[in-house]
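What follows is the content of query-v9.cif, which has mmCIF, C-alpha atoms:
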data_my_file
#
loop_
_atom_site.group_PDB
_atom_site.id
_atom_site.type_symbol
_atom_site.label_atom_id
_atom_site.label_comp_id
_atom_site.auth_asym_id
_atom_site.auth_seq_id
_atom_site.Cartn_x
_atom_site.Cartn_y
_atom_site.Cartn_z
ATOM 1 C CA MET A 1 13.723 31.864 -0.292
ATOM 2 C CA LYS A 2 11.952 28.708 0.905
ATOM 3 C CA ARG A 3 8.658 27.822 -0.781
ATOM 4 C CA VAL A 4 5.731 27.580 1.582
ATOM 5 C CA ILE A 5 3.905 24.231 1.324
ATOM 6 C CA ASP A 6 0.344 23.583 2.394
ATOM 7 C CA LEU A 7 -0.880 20.714 4.510
ATOM 8 C CA ARG A 8 -2.596 18.754 1.709
ATOM 9 C CA ASN A 9 0.578 18.870 -0.384
ATOM 10 C CA LEU A 10 2.671 17.765 2.548
ATOM 11 C CA ILE A 11 0.461 14.758 3.236
ATOM 12 C CA ASP A 12 0.550 13.749 -0.455
ATOM 13 C CA ASN A 13 4.271 14.336 -0.473
ATOM 14 C CA ILE A 14 4.907 12.093 2.550
ATOM 15 C CA GLU A 15 2.711 9.326 1.116
ATOM 16 C CA ASN A 16 4.427 9.461 -2.276
ATOM 17 C CA GLN A 17 7.921 9.527 -0.802
ATOM 18 C CA LEU A 18 7.360 6.560 1.497
ATOM 19 C CA ILE A 19 5.489 4.461 -1.061
ATOM 20 C CA ARG A 20 8.114 5.131 -3.746
ATOM 21 C CA GLY A 21 10.790 3.749 -1.468
ATOM 22 C CA ARG A 22 12.305 6.864 0.075
ATOM 23 C CA GLY A 23 12.678 5.057 3.382
ATOM 24 C CA LYS A 24 13.875 1.760 1.898
ATOM 25 C CA TRP A 25 17.102 1.771 3.924
ATOM 26 C CA ILE A 26 15.091 1.491 7.098
ATOM 27 C CA ALA A 27 11.774 -0.026 5.970
ATOM 28 C CA GLU A 28 9.613 -0.769 2.959
ATOM 29 C CA PHE A 29 6.318 1.076 3.244
ATOM 30 C CA ASN A 30 3.588 -0.452 1.078
ATOM 31 C CA GLU A 31 0.183 0.437 2.465
ATOM 32 C CA SER A 32 -1.392 3.828 3.116
ATOM 33 C CA PHE A 33 -4.561 4.695 4.993
ATOM 34 C CA ILE A 34 -6.445 7.973 4.949
ATOM 35 C CA ASN A 35 -8.608 9.231 7.806
ATOM 36 C CA TYR A 36 -7.530 6.400 10.063
ATOM 37 C CA SER A 37 -9.074 6.639 13.504
ATOM 38 C CA LEU A 38 -7.346 5.459 16.643
ATOM 39 C CA ASP A 39 -9.425 5.945 19.736
ATOM 40 C CA ASN A 40 -10.410 9.653 19.593
ATOM 41 C CA PHE A 41 -7.700 10.653 17.159
ATOM 42 C CA VAL A 42 -8.194 10.804 13.394
ATOM 43 C CA PHE A 43 -5.038 10.659 11.282
ATOM 44 C CA PRO A 44 -5.346 12.034 7.750
ATOM 45 C CA LEU A 45 -2.531 9.681 6.721
ATOM 46 C CA VAL A 46 -1.034 6.482 8.102
ATOM 47 C CA VAL A 47 1.536 4.570 6.080
ATOM 48 C CA ARG A 48 2.708 1.164 7.175
ATOM 49 C CA GLY A 49 5.215 -1.415 6.057
ATOM 50 C CA GLN A 50 7.889 -3.781 7.266
ATOM 51 C CA THR A 51 11.642 -3.788 7.636
ATOM 52 C CA ARG A 52 12.121 -6.756 5.309
ATOM 53 C CA SER A 53 11.943 -5.610 1.705
ATOM 54 C CA LYS A 54 10.181 -7.745 -0.881
ATOM 55 C CA GLY A 55 12.357 -7.204 -3.953
ATOM 56 C CA PHE A 56 12.814 -9.797 -6.677
ATOM 57 C CA LEU A 57 14.597 -13.155 -6.401
ATOM 58 C CA LEU A 58 18.126 -12.369 -5.123
ATOM 59 C CA SER A 59 17.263 -9.244 -3.141
ATOM 60 C CA ARG A 60 14.248 -11.032 -1.656
ATOM 61 C CA PHE A 61 16.383 -14.004 -0.702
ATOM 62 C CA PHE A 62 19.078 -11.745 0.779
ATOM 63 C CA ALA A 63 16.451 -9.774 2.741
ATOM 64 C CA TYR A 64 14.965 -13.031 4.027
ATOM 65 C CA LEU A 65 18.334 -14.171 5.345
ATOM 66 C CA SER A 66 19.574 -10.887 6.738
ATOM 67 C CA MET A 67 16.625 -8.774 7.852
ATOM 68 C CA PRO A 68 14.145 -9.243 10.679
ATOM 69 C CA ASN A 69 10.556 -8.727 9.545
ATOM 70 C CA TYR A 70 9.393 -5.975 11.903
ATOM 71 C CA LEU A 71 6.158 -4.101 11.301
ATOM 72 C CA VAL A 72 6.535 -0.325 11.197
ATOM 73 C CA SER A 73 4.192 2.614 10.657
ATOM 74 C CA CYS A 74 4.170 6.331 10.071
ATOM 75 C CA PHE A 75 1.388 8.556 11.444
ATOM 76 C CA VAL A 76 0.697 12.072 10.234
ATOM 77 C CA TYR A 77 -1.257 14.169 12.679
ATOM 78 C CA PRO A 78 -1.572 17.841 11.714
ATOM 79 C CA SER A 79 -1.605 20.211 14.621
ATOM 80 C CA GLU A 80 -4.459 22.085 12.911
ATOM 81 C CA ILE A 81 -6.866 19.242 13.673
ATOM 82 C CA ASN A 82 -6.414 20.121 17.291
ATOM 83 C CA SER A 83 -5.879 23.872 16.794
ATOM 84 C CA TYR A 84 -3.678 24.250 19.844
ATOM 85 C CA LEU A 85 -1.670 21.105 20.452
ATOM 86 C CA LYS A 86 -0.963 20.725 24.142
ATOM 87 C CA LYS A 87 1.638 18.567 25.841
ATOM 88 C CA GLU A 88 -1.091 16.584 27.517
ATOM 89 C CA ASN A 89 -2.783 15.795 24.171
ATOM 90 C CA LEU A 90 0.535 14.762 22.691
ATOM 91 C CA ARG A 91 1.139 12.485 25.670
ATOM 92 C CA ILE A 92 -2.282 10.848 25.185
ATOM 93 C CA LEU A 93 -1.628 10.534 21.450
ATOM 94 C CA LEU A 94 1.718 8.825 22.077
ATOM 95 C CA ARG A 95 0.136 6.556 24.659
ATOM 96 C CA GLU A 96 -2.532 5.473 22.137
ATOM 97 C CA ILE A 97 0.091 4.858 19.471
ATOM 98 C CA SER A 98 2.229 2.847 21.938
ATOM 99 C CA LYS A 99 -0.815 0.816 22.955
ATOM 100 C CA MET A 100 -1.656 0.058 19.323
ATOM 101 C CA MET A 101 1.988 -0.861 18.614
ATOM 102 C CA LYS A 102 2.127 -3.241 21.552
ATOM 103 C CA LYS A 103 -1.180 -4.861 20.625
ATOM 104 C CA ASN A 104 -0.223 -5.434 16.988
ATOM 105 C CA ASN A 105 3.469 -6.105 17.468
ATOM 106 C CA VAL A 106 4.615 -2.991 15.602
ATOM 107 C CA LYS A 107 8.304 -2.487 16.328
ATOM 108 C CA TRP A 108 8.651 1.255 15.703
ATOM 109 C CA SER A 109 6.631 4.222 14.456
ATOM 110 C CA TRP A 110 7.042 7.754 13.240
ATOM 111 C CA LEU A 111 4.702 10.506 14.299
ATOM 112 C CA ILE A 112 4.865 13.554 12.039
ATOM 113 C CA ILE A 113 3.088 16.671 13.273
ATOM 114 C CA PRO A 114 2.920 19.407 10.643
ATOM 115 C CA LYS A 115 1.749 22.925 11.424
ATOM 116 C CA GLU A 116 1.386 26.133 9.443
ATOM 117 C CA GLY A 117 3.348 28.294 11.856
ATOM 118 C CA GLU A 118 5.510 28.070 14.947
ATOM 119 C CA PHE A 119 5.005 25.408 17.619
ATOM 120 C CA ASN A 120 4.885 26.622 21.150
ATOM 121 C CA GLN A 121 8.119 26.396 23.125
ATOM 122 C CA GLY A 122 6.635 23.976 25.664
ATOM 123 C CA ILE A 123 5.956 21.375 22.972
ATOM 124 C CA ILE A 124 9.340 21.918 21.323
ATOM 125 C CA LYS A 125 11.224 21.400 24.589
ATOM 126 C CA TRP A 126 9.114 18.380 25.480
ATOM 127 C CA VAL A 127 9.748 16.718 22.104
ATOM 128 C CA GLU A 128 13.484 17.476 22.251
ATOM 129 C CA LYS A 129 13.715 15.873 25.679
ATOM 130 C CA ASN A 130 11.514 12.910 24.724
ATOM 131 C CA ASP A 131 13.488 9.678 24.837
ATOM 132 C CA LEU A 132 10.990 7.121 23.497
ATOM 133 C CA SER A 133 13.194 4.685 21.611
ATOM 134 C CA ASN A 134 10.471 3.119 19.450
ATOM 135 C CA ILE A 135 8.586 6.268 18.386
ATOM 136 C CA GLY A 136 10.184 9.016 16.356
ATOM 137 C CA ILE A 137 8.432 12.377 16.646
ATOM 138 C CA ALA A 138 8.853 15.187 14.122
ATOM 139 C CA LEU A 139 7.418 18.689 14.374
ATOM 140 C CA VAL A 140 7.273 20.224 10.897
ATOM 141 C CA ASN A 141 6.815 23.950 10.464
ATOM 142 C CA LEU A 142 5.201 24.271 7.025
ATOM 143 C CA ASN A 143 6.065 27.959 6.667
ATOM 144 C CA THR A 144 9.779 27.622 7.324
ATOM 145 C CA LYS A 145 10.060 23.884 6.482
ATOM 146 C CA ASN A 146 11.970 23.510 9.711
ATOM 147 C CA ILE A 147 11.896 19.964 11.149
ATOM 148 C CA LEU A 148 12.485 19.260 14.780
ATOM 149 C CA THR A 149 12.713 15.670 16.003
ATOM 150 C CA ASN A 150 13.117 13.869 19.275
ATOM 151 C CA ASN A 151 16.531 12.546 20.097
ATOM 152 C CA SER A 152 16.026 8.822 19.462
ATOM 153 C CA VAL A 153 17.638 7.036 16.501
ATOM 154 C CA ILE A 154 14.195 6.492 14.961
ATOM 155 C CA GLY A 155 13.366 10.178 15.418
ATOM 156 C CA ARG A 156 16.578 11.457 13.846
ATOM 157 C CA LYS A 157 16.003 9.163 10.849
ATOM 158 C CA ILE A 158 12.890 11.184 9.881
ATOM 159 C CA LYS A 159 15.076 14.169 9.049
ATOM 160 C CA THR A 160 17.414 12.171 6.833
ATOM 161 C CA THR A 161 14.669 10.170 5.127
ATOM 162 C CA LEU A 162 11.907 12.609 4.258
ATOM 163 C CA LYS A 163 12.406 15.757 2.181
ATOM 164 C CA PHE A 164 9.812 18.493 2.394
ATOM 165 C CA MET B 165 -24.844 0.223 -11.138
ATOM 166 C CA LYS B 166 -21.616 1.497 -12.657
ATOM 167 C CA LYS B 167 -19.633 -1.358 -14.203
ATOM 168 C CA ILE B 168 -15.876 -1.365 -14.786
ATOM 169 C CA SER B 169 -14.087 -4.144 -16.594
ATOM 170 C CA LYS B 170 -10.733 -4.145 -18.308
ATOM 171 C CA ILE B 171 -8.535 -6.791 -19.877
ATOM 172 C CA ASN B 172 -5.359 -7.048 -17.873
ATOM 173 C CA PHE B 173 -2.656 -7.755 -20.441
ATOM 174 C CA GLY B 174 -0.108 -8.606 -17.731
ATOM 175 C CA ASP B 175 -2.112 -11.574 -16.465
ATOM 176 C CA LEU B 176 -3.234 -12.506 -19.996
ATOM 177 C CA GLY B 177 0.412 -12.529 -21.137
ATOM 178 C CA LYS B 178 1.392 -14.589 -18.108
ATOM 179 C CA SER B 179 -1.212 -17.265 -18.861
ATOM 180 C CA PHE B 180 -0.323 -17.215 -22.582
ATOM 181 C CA SER B 181 3.376 -17.786 -21.792
ATOM 182 C CA ILE B 182 2.590 -20.674 -19.443
ATOM 183 C CA PHE B 183 0.241 -22.425 -21.913
ATOM 184 C CA PHE B 184 2.485 -21.788 -24.911
ATOM 185 C CA ILE B 185 5.536 -23.285 -23.156
ATOM 186 C CA PHE B 186 3.387 -26.196 -21.932
ATOM 187 C CA ILE B 187 1.941 -26.959 -25.405
ATOM 188 C CA VAL B 188 5.332 -26.718 -27.156
ATOM 189 C CA THR B 189 7.017 -28.912 -24.516
ATOM 190 C CA LEU B 190 4.214 -31.474 -24.720
ATOM 191 C CA ARG B 191 4.440 -31.581 -28.525
ATOM 192 C CA ILE B 192 8.242 -31.975 -28.475
ATOM 193 C CA ILE B 193 8.063 -34.802 -25.907
ATOM 194 C CA THR B 194 5.310 -36.717 -27.793
ATOM 195 C CA ASN B 195 7.186 -36.156 -31.093
ATOM 196 C CA PHE B 196 10.338 -37.571 -29.647
ATOM 197 C CA LEU B 197 8.648 -40.510 -27.932
ATOM 198 C CA PHE B 198 6.776 -41.701 -31.028
ATOM 199 C CA THR B 199 9.053 -40.738 -33.933
ATOM 200 C CA LYS B 200 12.475 -40.243 -32.286
ATOM 201 C CA ILE B 201 12.777 -36.961 -34.198
ATOM 202 C CA ILE B 202 11.711 -33.405 -33.344
ATOM 203 C CA ILE B 203 9.603 -31.918 -36.135
ATOM 204 C CA VAL B 204 10.202 -28.197 -36.679
ATOM 205 C CA GLU B 205 7.551 -26.770 -39.011
ATOM 206 C CA TRP B 206 6.260 -23.178 -39.098
ATOM 207 C CA TRP B 207 2.631 -24.228 -39.534
ATOM 208 C CA ILE B 208 2.834 -26.386 -36.379
ATOM 209 C CA PHE B 209 4.315 -23.420 -34.556
ATOM 210 C CA GLY B 210 1.413 -21.254 -35.824
ATOM 211 C CA ILE B 211 -1.183 -23.778 -34.620
ATOM 212 C CA GLU B 212 0.518 -23.868 -31.215
ATOM 213 C CA ILE B 213 0.353 -20.071 -30.927
ATOM 214 C CA VAL B 214 -3.349 -20.016 -31.858
ATOM 215 C CA LEU B 215 -4.122 -22.911 -29.500
ATOM 216 C CA ALA B 216 -2.181 -21.288 -26.635
ATOM 217 C CA ALA B 217 -3.963 -17.972 -27.287
ATOM 218 C CA ILE B 218 -7.429 -19.609 -27.123
ATOM 219 C CA VAL B 219 -6.695 -21.713 -24.032
ATOM 220 C CA SER B 220 -4.929 -18.862 -22.201
ATOM 221 C CA TYR B 221 -7.770 -16.428 -22.939
ATOM 222 C CA LEU B 222 -10.328 -18.918 -21.526
ATOM 223 C CA TYR B 223 -8.092 -19.525 -18.499
ATOM 224 C CA TYR B 224 -7.645 -15.779 -18.002
ATOM 225 C CA ARG B 225 -11.431 -15.204 -18.092
ATOM 226 C CA LEU B 226 -11.971 -17.961 -15.534
ATOM 227 C CA LYS B 227 -9.109 -17.061 -13.213
ATOM 228 C CA TYR B 228 -8.022 -13.403 -13.456
ATOM 229 C CA HIS B 229 -10.443 -11.159 -15.353
ATOM 230 C CA PRO B 230 -11.643 -8.375 -13.015
ATOM 231 C CA THR B 231 -15.110 -6.829 -13.182
ATOM 232 C CA PHE B 232 -16.251 -4.303 -10.652
ATOM 233 C CA SER B 233 -19.792 -2.929 -10.349
ATOM 234 C CA TYR B 234 -20.851 -0.410 -7.752
ATOM 235 C CA ASP B 235 -23.387 2.171 -6.710
ATOM 236 C CA LYS B 236 -23.847 4.333 -3.621
ATOM 237 C CA GLU B 237 -24.956 1.433 -1.444
ATOM 238 C CA SER B 238 -23.038 -1.660 -2.473
ATOM 239 C CA PHE B 239 -20.546 -3.250 -4.832
ATOM 240 C CA ILE B 240 -19.916 -6.527 -6.650
ATOM 241 C CA LEU B 241 -16.385 -7.672 -7.358
ATOM 242 C CA GLU B 242 -15.743 -10.512 -9.778
ATOM 243 C CA ILE B 243 -12.266 -11.970 -10.282
ATOM 244 C CA GLY B 244 -12.585 -14.703 -12.881
ATOM 245 C CA LYS B 245 -15.288 -17.049 -11.586
ATOM 246 C CA GLU B 246 -15.183 -15.776 -7.997
ATOM 247 C CA LYS B 247 -17.803 -13.248 -7.030
ATOM 248 C CA ILE B 248 -18.009 -11.145 -3.869
ATOM 249 C CA SER B 249 -20.712 -8.646 -3.073
ATOM 250 C CA SER B 250 -20.943 -6.399 -0.070
ATOM 251 C CA LYS B 251 -22.228 -3.090 1.220
ATOM 252 C CA TRP B 252 -19.962 -0.070 1.650
ATOM 253 C CA LYS B 253 -21.242 0.554 5.160
ATOM 254 C CA ASP B 254 -19.825 -2.817 6.326
ATOM 255 C CA PHE B 255 -16.310 -1.425 6.134
ATOM 256 C CA LYS B 256 -14.495 0.840 8.505
ATOM 257 C CA PHE B 257 -11.028 1.445 7.034
ATOM 258 C CA ILE B 258 -9.689 1.719 3.513
ATOM 259 C CA SER B 259 -6.136 1.632 2.288
ATOM 260 C CA LEU B 260 -4.101 1.608 -0.887
ATOM 261 C CA TYR B 261 -1.837 -1.422 -1.007
ATOM 262 C CA TYR B 262 1.186 -1.333 -3.299
ATOM 263 C CA GLY B 263 1.990 -4.946 -4.148
ATOM 264 C CA GLY B 264 4.989 -4.252 -6.387
ATOM 265 C CA LEU B 265 5.369 -4.539 -10.180
ATOM 266 C CA GLY B 266 2.829 -1.718 -10.580
ATOM 267 C CA LYS B 267 -0.003 -3.627 -8.886
ATOM 268 C CA ILE B 268 -2.076 -1.351 -6.688
ATOM 269 C CA SER B 269 -5.200 -2.434 -4.878
ATOM 270 C CA LEU B 270 -7.720 -0.843 -2.587
ATOM 271 C CA ARG B 271 -8.209 -2.786 0.618
ATOM 272 C CA LEU B 272 -11.457 -2.527 2.546
ATOM 273 C CA TYR B 273 -11.104 -3.531 6.185
ATOM 274 C CA ILE B 274 -14.094 -4.602 8.227
ATOM 275 C CA ASN B 275 -12.763 -3.738 11.654
ATOM 276 C CA ASP B 276 -9.109 -4.252 12.435
ATOM 277 C CA ILE B 277 -6.350 -3.338 9.983
ATOM 278 C CA TYR B 278 -3.986 -5.860 11.588
ATOM 279 C CA LYS B 279 -6.312 -8.779 10.874
ATOM 280 C CA ASP B 280 -6.747 -10.396 7.498
ATOM 281 C CA ASP B 281 -10.453 -9.645 7.180
ATOM 282 C CA TYR B 282 -10.369 -7.395 4.143
ATOM 283 C CA ILE B 283 -11.568 -7.287 0.559
ATOM 284 C CA GLU B 284 -9.066 -6.294 -2.079
ATOM 285 C CA ILE B 285 -10.173 -4.382 -5.189
ATOM 286 C CA PRO B 286 -7.471 -4.528 -7.895
ATOM 287 C CA VAL B 287 -7.478 -0.834 -8.782
ATOM 288 C CA SER B 288 -4.568 -0.934 -11.234
ATOM 289 C CA ASP B 289 -5.972 -3.983 -13.061
ATOM 290 C CA LEU B 290 -9.291 -2.167 -13.484
ATOM 291 C CA GLY B 291 -7.515 0.865 -14.929
ATOM 292 C CA LEU B 292 -8.725 3.222 -12.201
ATOM 293 C CA HIS B 293 -6.751 6.120 -10.748
ATOM 294 C CA PRO B 294 -5.843 4.825 -7.248
ATOM 295 C CA LYS B 295 -6.059 8.052 -5.236
ATOM 296 C CA ASP B 296 -9.187 9.366 -6.983
ATOM 297 C CA PHE B 297 -10.916 6.028 -6.488
ATOM 298 C CA ARG B 298 -9.845 5.928 -2.835
ATOM 299 C CA SER B 299 -11.381 9.381 -2.288
ATOM 300 C CA GLU B 300 -14.606 8.248 -3.947
ATOM 301 C CA VAL B 301 -14.792 5.067 -1.838
ATOM 302 C CA SER B 302 -13.900 7.029 1.291
ATOM 303 C CA LYS B 303 -17.003 9.190 0.717
ATOM 304 C CA LEU B 304 -19.173 6.126 0.034
ATOM 305 C CA ILE B 305 -18.026 4.459 3.275
ATOM 306 C CA SER B 306 -18.609 7.544 5.408
ATOM 307 C CA ASN B 307 -22.149 8.075 4.023
#
Could the structure of this file be written out as structure tokens, please?
Amino acid sequence: MKRVIDLRNLIDNIENQLIRGRGKWIAEFNESFINYSLDNFVFPLVVRGQTRSKGFLLSRFFAYLSMPNYLVSCFVYPSEINSYLKKENLRILLREISKMMKKNNVKWSWLIIPKEGEFNQGIIKWVEKNDLSNIGIALVNLNTKNILTNNSVIGRKIKTTLKF
Amino acid sequence: MKKISKINFGDLGKSFSIFFIFIVTLRIITNFLFTKIIIVEWWIFGIEIVLAAIVSYLYYRLKYHPTFSYDKESFILEIGKEKISSKWKDFKFISLYYGGLGKISLRLYINDIYKDDYIEIPVSDLGLHPKDFRSEVSKLISN
């Protein structure tokens, strides 16, 4: 039987996993914000980093020669903040994130939306069909621990990187 | 005002190593230049350790030693001789920055997190629990 996790634990869990290098094959996350506000949206957690790892001597030198230094970020936006997440709100949220990414030269982002319960079918279908290549979206059902992502490479990576 | 200060043995050790190597190298070079022999005596080695310890401690106090004082309204951060004071309400965003090798600091951003206008409080050097301190500062900023 799967253990039910609560929202606070999930947010802590995501922060710890990313900071401890869980996503090191795609990026090194090294800074975490709480209650970060972007326009009208407040994110309880935002973690950011870059694709070039720091490492020590040889690994740093190798990373310098082989990796581009793209900025990346991960946003956590619980559906509970906006008790009934609508497609339109999600669209606005993605637009704000895209705007911020363009302004600050952030190459790609993850948007993780956890919820204690089922997401409505409209949102699920919309996310599955979403083809944004630079934003990965994940809908996380905290009761069943089921993760649903959009179909981009960045989106699919959320499933393989984070363990809930 | 609540005052937090802690000797950071990492930085102290780093300055000790640098000064010790410098003093020993200097002694060996001057020995060799004036006498054409390298004197190896335990008491000289002892003096060098004591001298390096004194100089490195003074250097550490002037360059690295962190002291942090704060209350509900404002804070004062001293790193060695440098001193910064500010009010909590001047800041909009806070973050925990993981600099590697166990160094964690709390960054206070004035407006934009993608600009370099932030103050960095060395949380791990001060011996504070990063997440608890972040929660405390988060409340102070929002007040």
Practice item. Could you expand the PyMOL selection byres ((chain B and resi 274) around 8) into the explicit residues it covers here, written as a VMD selection string? Key: chain B and resid 254 to 257 272 to 273 275 to 276 281 to 282
Exercise for review: Give as a PyMOL selection string the residues that the PyMOL selection byres ((chain B) within 6 of (chain A)) matches when applied to the coordinates above.
Suggested key: chain B and resi 259-262
For the residues in that selection, give me C-alpha atoms as a compact mmCIF listing (two decimals), in the frame of the given file.
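See selection.txt below for the written result:
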# COMPACT_ATOMS: atom_id res chain seq x y z
CA SER B 259 -6.14 1.63 2.29
CA LEU B 260 -4.10 1.61 -0.89
CA TYR B 261 -1.84 -1.42 -1.01
CA TYR B 262 1.19 -1.33 -3.30
Check your understanding: Exactly which residues make up the result of the PyMOL selection byres ((chain A and resi 52) around 9) on this file, given as a PyMOL selection string?
Key -> chain A and resi 26-28+49-51+53-54+60+63-64+66-71
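Interatomic distance, atom CA of Asp131 of chain A against atom CA of Ser152 of chain A: 6.0 Å.
Comparing the minimum interatomic distances between Asp296 of chain B and each of B:Leu226, B:Leu270, B:Leu265, B:Ile240, counting all atoms listed in the file, we find that B:Leu270 sits nearest.
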Practice item. Might you pull out every residue within 7 Å of Phe184 of chain B, with all atoms listed in the file counted and same-chain residues fewer than 5 positions away left off, and present them as a list in words? Key: Glu212, Ile213 and Ala216 of chain B
Kindly save the residues from that selection, with C-alpha atoms included, as a PDB file, in the coordinates of the input.
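Full text of part.pdb as output:
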ATOM      1  CA  GLU B 212       0.518 -23.868 -31.215  1.00  0.00           C
ATOM      2  CA  ILE B 213       0.353 -20.071 -30.927  1.00  0.00           C
ATOM      3  CA  ALA B 216      -2.181 -21.288 -26.635  1.00  0.00           C
TER       4      ALA B 216
END
Practice item. Might you pull out every residue within 12 Å of Val188 of chain B, with only C-alpha atoms counted and same-chain residues fewer than 6 positions away left off, and present them as a ChimeraX atom specification? Key: /B:180-182,194-195,202-204,208-216
Study note, to complete from the structure: re atom CA of Tyr224 of chain B and atom CA of Lys170 of chain B: distance 12.0 Å
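Restricting the calculation to all atoms listed in the file, the smallest distance between Val153 of chain A and any of A:Asn16, A:Ile123, A:Ile113, A:Trp108 is found for A:Trp108.
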Review point. Near Glu237 of chain B, within 9 Å and counting all atoms listed in the file, which residues show up once chain neighbours fewer than 3 positions away are dropped, as a PyMOL selection string?
Key: chain B and resi 234+250-253+304-305
Writer output for current selection, C-alpha atoms, as a PDB file, in the coordinates of the input:
ATOM      1  CA  TYR B 234     -20.851  -0.410  -7.752  1.00  0.00           C
ATOM      2  CA  SER B 250     -20.943  -6.399  -0.070  1.00  0.00           C
ATOM      3  CA  LYS B 251     -22.228  -3.090   1.220  1.00  0.00           C
ATOM      4  CA  TRP B 252     -19.962  -0.070   1.650  1.00  0.00           C
ATOM      5  CA  LYS B 253     -21.242   0.554   5.160  1.00  0.00           C
ATOM      6  CA  LEU B 304     -19.173   6.126   0.034  1.00  0.00           C
ATOM      7  CA  ILE B 305     -18.026   4.459   3.275  1.00  0.00           C
TER       8      ILE B 305
END
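Distance annotation: of A:Gln121, A:Asn9, A:Ser59, A:Asn40, the residue with the minimal separation from Lys87 of chain A is A:Gln121; atom set is all atoms listed in the file.
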